[in-house]
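One file, work05.cif, is given below (mmCIF, C-alpha atoms and all ligand atoms).
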data_entry
loop_
_atom_site.label_atom_id
_atom_site.label_comp_id
_atom_site.auth_asym_id
_atom_site.auth_seq_id
_atom_site.Cartn_x
_atom_site.Cartn_y
_atom_site.Cartn_z
CA MET A 204 0.00 0.00 0.00
CA TYR A 205 2.81 2.39 0.86
CA SER A 206 4.17 4.60 -1.89
CA ASP A 207 7.93 4.72 -1.60
CA PHE A 208 9.35 8.25 -1.64
CA LYS A 209 12.98 7.17 -1.09
CA THR A 210 14.43 8.25 -4.43
CA ILE A 211 12.07 11.16 -4.98
CA SER A 212 12.89 12.55 -1.52
CA THR A 213 16.43 13.30 -2.73
CA TYR A 214 15.17 15.87 -5.25
CA TYR A 215 11.59 16.51 -4.05
CA ASP A 216 12.30 20.08 -2.94
CA ALA A 217 14.10 21.04 -6.14
CA LEU A 218 11.26 19.74 -8.27
CA TYR A 219 8.07 20.33 -6.32
CA VAL A 220 8.49 22.80 -3.49
CA LYS A 221 8.11 26.19 -5.11
CA ASP A 222 7.70 29.33 -3.01
CA ARG A 223 5.27 30.75 -5.52
CA GLU A 224 2.89 27.84 -4.84
CA TYR A 225 3.58 26.96 -1.20
CA ALA A 226 3.60 30.52 0.21
CA PRO A 227 0.12 31.58 -1.04
CA GLU A 228 -1.27 28.13 -0.32
CA ALA A 229 -0.10 28.24 3.30
CA ALA A 230 -1.37 31.82 3.63
CA LYS A 231 -4.82 30.69 2.48
CA VAL A 232 -4.75 27.75 4.89
CA ARG A 233 -3.95 30.17 7.72
CA GLU A 234 -6.84 32.41 6.62
CA LEU A 235 -9.25 29.45 6.57
CA LEU A 236 -8.10 28.20 9.97
CA THR A 237 -8.51 31.69 11.42
CA ARG A 238 -11.97 32.05 9.87
CA HIS A 239 -13.03 28.89 11.68
CA GLY A 240 -11.72 29.92 15.06
CA ILE A 241 -8.13 28.65 15.25
CA PRO A 242 -6.11 31.31 17.07
CA SER A 243 -2.48 32.13 16.48
CA GLN A 244 -0.04 30.00 18.49
CA ALA A 245 -2.45 27.05 18.31
CA ASP A 246 -0.96 23.55 18.00
CA LEU A 247 -0.95 22.62 14.31
CA LEU A 248 -0.07 19.15 13.00
CA VAL A 249 0.84 19.03 9.31
CA LEU A 250 -0.24 15.58 8.07
CA ALA A 251 1.74 13.81 5.33
CA CYS A 252 4.08 16.77 5.66
CA GLY A 253 6.74 15.30 3.35
CA THR A 254 9.91 17.40 3.39
CA GLY A 255 8.01 20.14 5.22
CA GLY A 256 7.42 22.44 2.24
CA HIS A 257 4.60 24.32 3.99
CA ILE A 258 6.19 24.41 7.41
CA PRO A 259 8.21 27.67 7.13
CA TYR A 260 4.97 29.50 6.36
CA PHE A 261 3.33 28.20 9.53
CA THR A 262 6.03 28.45 12.18
CA ASP A 263 5.56 32.19 12.82
CA HIS A 264 1.86 31.61 13.45
CA TYR A 265 1.46 28.24 15.16
CA ARG A 266 3.29 25.66 17.25
CA VAL A 267 3.90 23.29 14.38
CA SER A 268 4.53 19.53 14.22
CA GLY A 269 4.60 17.22 11.22
CA LEU A 270 3.71 13.60 10.53
CA ASP A 271 4.65 11.44 7.57
CA LEU A 272 5.01 7.77 6.65
CA SER A 273 8.34 8.16 4.87
CA GLU A 274 11.54 8.24 6.94
CA ASP A 275 13.32 9.62 3.88
CA MET A 276 10.96 12.57 3.52
CA LEU A 277 11.09 13.18 7.28
CA ASP A 278 14.90 13.11 7.28
CA ARG A 279 14.88 16.04 4.86
CA ALA A 280 12.27 17.87 6.93
CA ARG A 281 14.19 17.33 10.19
CA LYS A 282 17.39 18.73 8.67
CA LYS A 283 15.60 21.84 7.48
CA PHE A 284 13.55 22.41 10.65
CA PRO A 285 15.50 21.10 13.66
CA ASP A 286 13.15 22.85 16.10
CA VAL A 287 10.01 21.22 14.75
CA LYS A 288 8.76 17.91 16.13
CA PHE A 289 8.20 15.28 13.46
CA TYR A 290 6.36 12.00 13.92
CA LEU A 291 6.76 8.91 11.78
CA GLY A 292 3.23 7.65 11.27
CA ASN A 293 0.60 6.37 8.90
CA LEU A 294 -2.53 8.47 8.40
CA ILE A 295 -4.73 5.41 8.74
CA ASP A 296 -3.54 4.22 12.15
CA PHE A 297 -1.38 6.88 13.81
CA GLN A 298 -1.52 7.13 17.56
CA LEU A 299 0.33 10.01 19.20
CA GLU A 300 0.59 11.02 22.81
CA ALA A 301 -0.43 14.52 21.87
CA ASP A 302 -3.51 16.29 20.62
CA PHE A 303 -3.88 19.35 18.43
CA ASP A 304 -6.03 22.40 17.76
CA ALA A 305 -5.69 22.03 14.01
CA MET A 306 -4.38 19.73 11.31
CA ALA A 307 -3.75 20.25 7.62
CA CYS A 308 -3.18 17.61 4.96
CA LEU A 309 -2.10 19.35 1.78
CA TYR A 310 -1.27 18.80 -1.89
CA GLY A 311 -3.68 15.87 -2.19
CA SER A 312 -1.55 13.66 0.04
CA ILE A 313 -4.66 12.03 1.49
CA GLY A 314 -5.05 10.15 -1.82
CA PHE A 315 -2.10 7.93 -0.87
CA VAL A 316 -4.36 6.08 1.59
CA ARG A 317 -5.82 4.52 -1.59
CA THR A 318 -9.18 3.15 -0.43
CA VAL A 319 -12.38 4.62 0.96
CA GLY A 320 -12.05 2.32 3.97
CA ASN A 321 -8.62 3.80 4.67
CA LEU A 322 -9.94 7.33 4.13
CA ARG A 323 -12.57 6.68 6.78
CA ALA A 324 -9.97 5.16 9.12
CA ALA A 325 -7.68 8.18 8.62
CA MET A 326 -10.50 10.61 9.46
CA LYS A 327 -11.13 8.68 12.67
CA ARG A 328 -7.46 8.93 13.66
CA ILE A 329 -7.52 12.64 12.85
CA ALA A 330 -10.67 13.22 14.91
CA ALA A 331 -9.17 11.23 17.80
CA HIS A 332 -6.21 13.67 17.94
CA LEU A 333 -8.24 16.88 17.67
CA ARG A 334 -9.20 18.88 20.73
CA PRO A 335 -12.86 19.93 21.07
CA ASN A 336 -13.58 22.58 18.41
CA GLY A 337 -10.35 21.54 16.68
CA LEU A 338 -10.24 21.84 12.91
CA VAL A 339 -8.89 19.71 10.09
CA LEU A 340 -8.32 20.96 6.57
CA ILE A 341 -7.85 18.32 3.87
CA THR A 342 -7.11 18.94 0.23
CA PRO A 343 -8.54 16.11 -1.88
CA TRP A 344 -6.41 14.40 -4.51
CA SER A 345 -8.85 15.31 -7.29
CA THR A 346 -12.29 13.70 -6.99
CA VAL A 347 -14.31 11.15 -8.93
CA GLU A 348 -16.35 14.06 -10.30
CA GLU A 349 -13.40 16.16 -11.49
CA PHE A 350 -10.71 13.67 -12.48
CA GLN A 351 -9.26 13.66 -16.00
CA ASP A 352 -6.33 11.66 -17.40
CA LEU A 353 -3.39 13.95 -18.07
CA ILE A 354 0.32 14.23 -18.66
CA VAL A 355 2.20 16.76 -16.55
CA VAL A 356 5.38 18.36 -17.85
CA ASP A 357 7.76 20.50 -15.82
CA ALA A 358 11.43 21.18 -15.25
CA ALA A 359 13.84 22.46 -12.64
CA ASP A 360 17.05 24.19 -13.60
CA ARG A 361 19.54 24.84 -10.79
CA PRO A 362 23.31 25.15 -11.14
CA ASP A 363 23.81 21.84 -9.29
CA LEU A 364 20.72 19.92 -10.41
CA LYS A 365 18.62 19.87 -13.55
CA ILE A 366 15.40 17.87 -13.78
CA ALA A 367 13.01 17.18 -16.61
CA ARG A 368 9.73 15.81 -15.36
CA MET A 369 6.88 14.06 -17.08
CA GLU A 370 4.14 12.36 -15.13
CA GLN A 371 1.39 10.28 -16.64
CA VAL A 372 -1.78 10.36 -14.61
CA ARG A 373 -4.39 7.80 -15.63
CA LEU A 374 -7.39 6.01 -14.25
CA LYS A 375 -6.26 2.46 -13.53
CA GLU A 376 -9.48 1.23 -11.94
CA PRO A 377 -12.76 3.08 -11.39
CA LYS A 378 -11.49 4.59 -8.12
CA LEU A 379 -7.75 4.22 -8.40
CA VAL A 380 -5.35 6.49 -10.26
CA GLU A 381 -1.88 5.45 -11.34
CA VAL A 382 0.74 8.16 -11.54
CA THR A 383 3.89 7.17 -13.42
CA PHE A 384 6.83 9.47 -12.84
CA HIS A 385 9.46 9.82 -15.56
CA HIS A 386 12.24 11.98 -14.16
CA LEU A 387 15.51 12.78 -15.92
CA LEU A 388 18.12 14.08 -13.50
CA GLY A 389 21.23 15.95 -14.53
CA LYS A 390 23.82 16.09 -11.75
CA ASP A 391 27.63 15.96 -11.52
CA ASN A 392 27.85 15.84 -15.32
CA GLU A 393 25.67 12.73 -15.55
CA VAL A 394 22.09 12.22 -16.63
CA THR A 395 20.10 9.50 -14.91
CA TYR A 396 16.51 8.35 -15.41
CA HIS A 397 14.09 7.53 -12.63
CA LYS A 398 10.77 5.85 -13.34
CA GLN A 399 8.26 4.98 -10.65
CA SER A 400 4.53 4.36 -10.41
CA MET A 401 2.33 5.16 -7.46
CA GLU A 402 -1.34 4.48 -6.83
CA ILE A 403 -3.66 7.12 -5.49
CA GLY A 404 -7.25 6.70 -4.36
CA LEU A 405 -9.90 8.70 -6.15
CA PHE A 406 -12.78 9.51 -3.85
CA SER A 407 -16.05 11.28 -4.52
CA ARG A 408 -16.98 14.55 -2.85
CA GLU A 409 -19.63 12.68 -0.91
CA GLU A 410 -17.03 10.15 0.31
CA TYR A 411 -14.77 12.92 1.60
CA ALA A 412 -17.66 14.59 3.40
CA SER A 413 -19.10 11.37 4.81
CA ALA A 414 -15.68 10.17 6.01
CA MET A 415 -15.54 13.39 8.03
CA THR A 416 -19.03 13.12 9.45
CA GLY A 417 -18.53 9.39 10.12
CA ALA A 418 -15.55 10.34 12.28
CA GLY A 419 -17.63 12.83 14.27
CA LEU A 420 -16.41 15.89 12.40
CA LYS A 421 -18.80 18.55 11.13
CA VAL A 422 -18.00 19.77 7.62
CA VAL A 423 -17.91 23.53 8.19
CA GLU A 424 -16.70 24.55 4.74
CA GLU A 425 -15.86 23.14 1.35
CA TYR A 426 -13.35 25.61 -0.05
CA THR A 427 -13.35 25.57 -3.85
CA GLY A 428 -10.98 28.45 -4.63
CA THR A 429 -7.67 27.97 -6.38
CA ASP A 430 -5.31 29.30 -3.71
CA VAL A 431 -5.25 25.87 -2.10
CA ARG A 432 -4.40 23.33 -4.81
CA GLY A 433 -7.35 20.94 -5.08
CA GLY A 434 -9.59 22.97 -2.78
CA ALA A 435 -10.26 21.83 0.77
CA TYR A 436 -12.70 20.09 3.06
CA ILE A 437 -12.73 21.65 6.48
CA GLY A 438 -14.07 19.65 9.39
CA LYS A 439 -14.57 20.62 13.01
CA ARG A 440 -14.63 18.36 16.02
CA VAL A 441 -17.80 19.56 17.62
CA PRO A 442 -17.93 18.94 21.37
CA GLU A 443 -20.39 16.17 22.34
C1 LIG B 501 3.28 14.27 -2.73
S1 LIG B 501 4.00 14.21 -1.13
C2 LIG B 501 3.37 15.73 -0.44
C3 LIG B 501 4.15 16.18 0.75
C4 LIG B 501 3.70 17.52 1.33
N1 LIG B 501 2.33 17.46 1.83
C5 LIG B 501 3.82 18.63 0.31
O1 LIG B 501 2.81 19.27 0.01
O2 LIG B 501 4.93 18.88 -0.17
C6 LIG B 501 3.01 13.00 -0.33
C7 LIG B 501 3.49 12.65 1.06
O3 LIG B 501 2.53 11.78 1.68
C8 LIG B 501 3.24 10.84 2.46
N2 LIG B 501 2.36 9.69 2.69
C9 LIG B 501 1.91 8.81 1.77
N3 LIG B 501 1.09 7.92 2.33
C10 LIG B 501 1.01 8.26 3.65
C11 LIG B 501 0.32 7.72 4.76
N4 LIG B 501 -0.48 6.65 4.62
N5 LIG B 501 0.48 8.30 5.97
C12 LIG B 501 1.28 9.40 6.12
N6 LIG B 501 1.96 9.95 5.10
C13 LIG B 501 1.82 9.39 3.88
C14 LIG B 501 4.46 10.51 1.63
O4 LIG B 501 5.47 9.90 2.39
C15 LIG B 501 4.81 11.90 1.10
O5 LIG B 501 5.71 12.56 1.95
#
In structure tokens, what does this structure look like?
Ligand SMILES: C[S@@+](CC[C@H](N)C(=O)[O-])C[C@H]1O[C@@H](n2cnc3c(N)ncnc32)[C@H](O)[C@@H]1O
Amino acid sequence: MYSDFKTISTYYDALYVKDREYAPEAAKVRELLTRHGIPSQADLLVLACGTGGHIPYFTDHYRVSGLDLSEDMLDRARKKFPDVKFYLGNLIDFQLEADFDAMACLYGSIGFVRTVGNLRAAMKRIAAHLRPNGLVLITPWSTVEEFQDLIVVDAADRPDLKIARMEQVRLKEPKLVEVTFHHLLGKDNEVTYHKQSMEIGLFSREEYASAMTGAGLKVVEEYTGTDVRGGAYIGKRVPE
């Protein structure tokens, strides 16, 4: 089930983490959290945080922690943010001795749980770690309603590292997308090729919303703007 980020972690930041996308996205997340009652200096857990691309935009505003399933991605995050606490954990069964005022799962990372059953399990783990009136903001990895096959093309050009990226995104099964990465890496006067496929669950809007309500979270907003890639479902743990 686990998508291996070992190789990609070595160049993830150079290829994917762009200030022009992460800064406004994090600013919008902060605005949405504030709108729904999360004060500054609240405890925020960034779920599936990867290398921590969003974290520098949160640390001035919240007490931030991160959680991810990949040791390799977390290693990068820990080096960049030695003062931030990072947990190794799986969205579908994590159990921490801490709870939080807010959580955010960004850039469609929730799709890596693959199945609706796992989505529902993840929401229950999230709800279990939220304080009363705590908030979770989840960006869906596309939805059944919006998905289209596509090929992504992009490049990174740094003095020490050049990357040409193509990714083929296709429906493999009715609710499962296969993303095949074709990455050409130019480093130390050599060009190498990395190919890897990952599977991502495609859930309907109703499945996202009902996974939240099934976990005891009230859907307080479905954000459909473009500042947060993929939009966002925002759920609140309403006190019983
Ligand atoms: C595409 S990366 C996005 C990372 C980060 N959210 C960002 O926006 O840069 C997806 C991340 O999800 C993590 N991941 C995948 N499945 C997971 C799971 N079941 N539990 C926790 N993290 C998971 C991967 O290790 C990876 O770091």
Choose the residue, out of A:Ile403, A:Ala230, A:Ala330, A:Leu247, that has the smallest atom-to-atom separation from ligand LIG 501 (chain B); count all atoms listed in the file.
->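 Using all atoms listed in the file, the shortest distance to ligand LIG 501 (chain B) belongs to A:Ile403.
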Environment of ligand LIG 501 (chain B) within 9 Å, counting only C-alpha atoms and all ligand atoms, reported as a ChimeraX atom specification | /A:204-209,212,215-216,219-220,225,249-257,270-277,291-297,307-317,321,325
In terms of all atoms listed in the file, the residue from A:Ala229, A:Val287, A:Leu353, A:Ala359 at minimal distance from Tyr214 (chain A) is A:Ala359
How many Å lie between CA of His239 (chain A) and CA of His264 (chain A), rounded to one decimal?
-> 15.2 Å
Which value, in Å to one decimal, gives the distance between CA of Val423 (chain A) and CA of Arg266 (chain A)?
-> 23.2 Å
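In this model, the gap between CA of Lys439 (chain A) and CA of Ala412 (chain A) comes to 11.8 Å.
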Tell me which protein, DNA and RNA residues are within 9 Å of Ile241 (chain A), counting only C-alpha atoms, leaving out same-chain ones fewer than 2 positions away, and put them as a VMD selection string.
-> chain A and resid 233 235 to 239 243 to 245 304 to 305 336 to 338
Generate the output file for the selected residues, C-alpha atoms, as a compact mmCIF listing (two decimals), in the coordinates of the input.
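Wrote it out as selection38.txt, contents follow:
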# COMPACT_ATOMS: atom_id res chain seq x y z
CA ARG A 233 -3.95 30.17 7.72
CA LEU A 235 -9.25 29.45 6.57
CA LEU A 236 -8.10 28.20 9.97
CA THR A 237 -8.51 31.69 11.42
CA ARG A 238 -11.97 32.05 9.87
CA HIS A 239 -13.03 28.89 11.68
CA SER A 243 -2.48 32.13 16.48
CA GLN A 244 -0.04 30.00 18.49
CA ALA A 245 -2.45 27.05 18.31
CA ASP A 304 -6.03 22.40 17.76
CA ALA A 305 -5.69 22.03 14.01
CA ASN A 336 -13.58 22.58 18.41
CA GLY A 337 -10.35 21.54 16.68
CA LEU A 338 -10.24 21.84 12.91
Got a sec: who's within 12 Å of Lys375 (chain A), counting all atoms listed in the file, leaving out chain neighbours fewer than 6 positions off, as number ranges by chain?
-> A: 351-352, 381-383, 400-405
In terms of the shortest atom-to-atom distance over only C-alpha atoms, which of A:Leu388, A:Ala367, A:Leu333, A:Leu379 is closest to Arg440 (chain A)?
-> A:Leu333
Using 12 Å as the limit and counting only C-alpha atoms, can you tabulate each residue of region 214-324 of chain A that touches region 418-421 of chain A, with its shortest atom-to-atom distance in Å and the two atoms involved, as a Markdown table?
| residue | atom | partner | partner_atom | distance |
| --- | --- | --- | --- | --- |
| A:His239 | CA | A:Lys421 | CA | 11.9 |
| A:Leu322 | CA | A:Ala418 | CA | 10.3 |
| A:Arg323 | CA | A:Ala418 | CA | 7.2 |
| A:Ala324 | CA | A:Ala418 | CA | 8.2 |
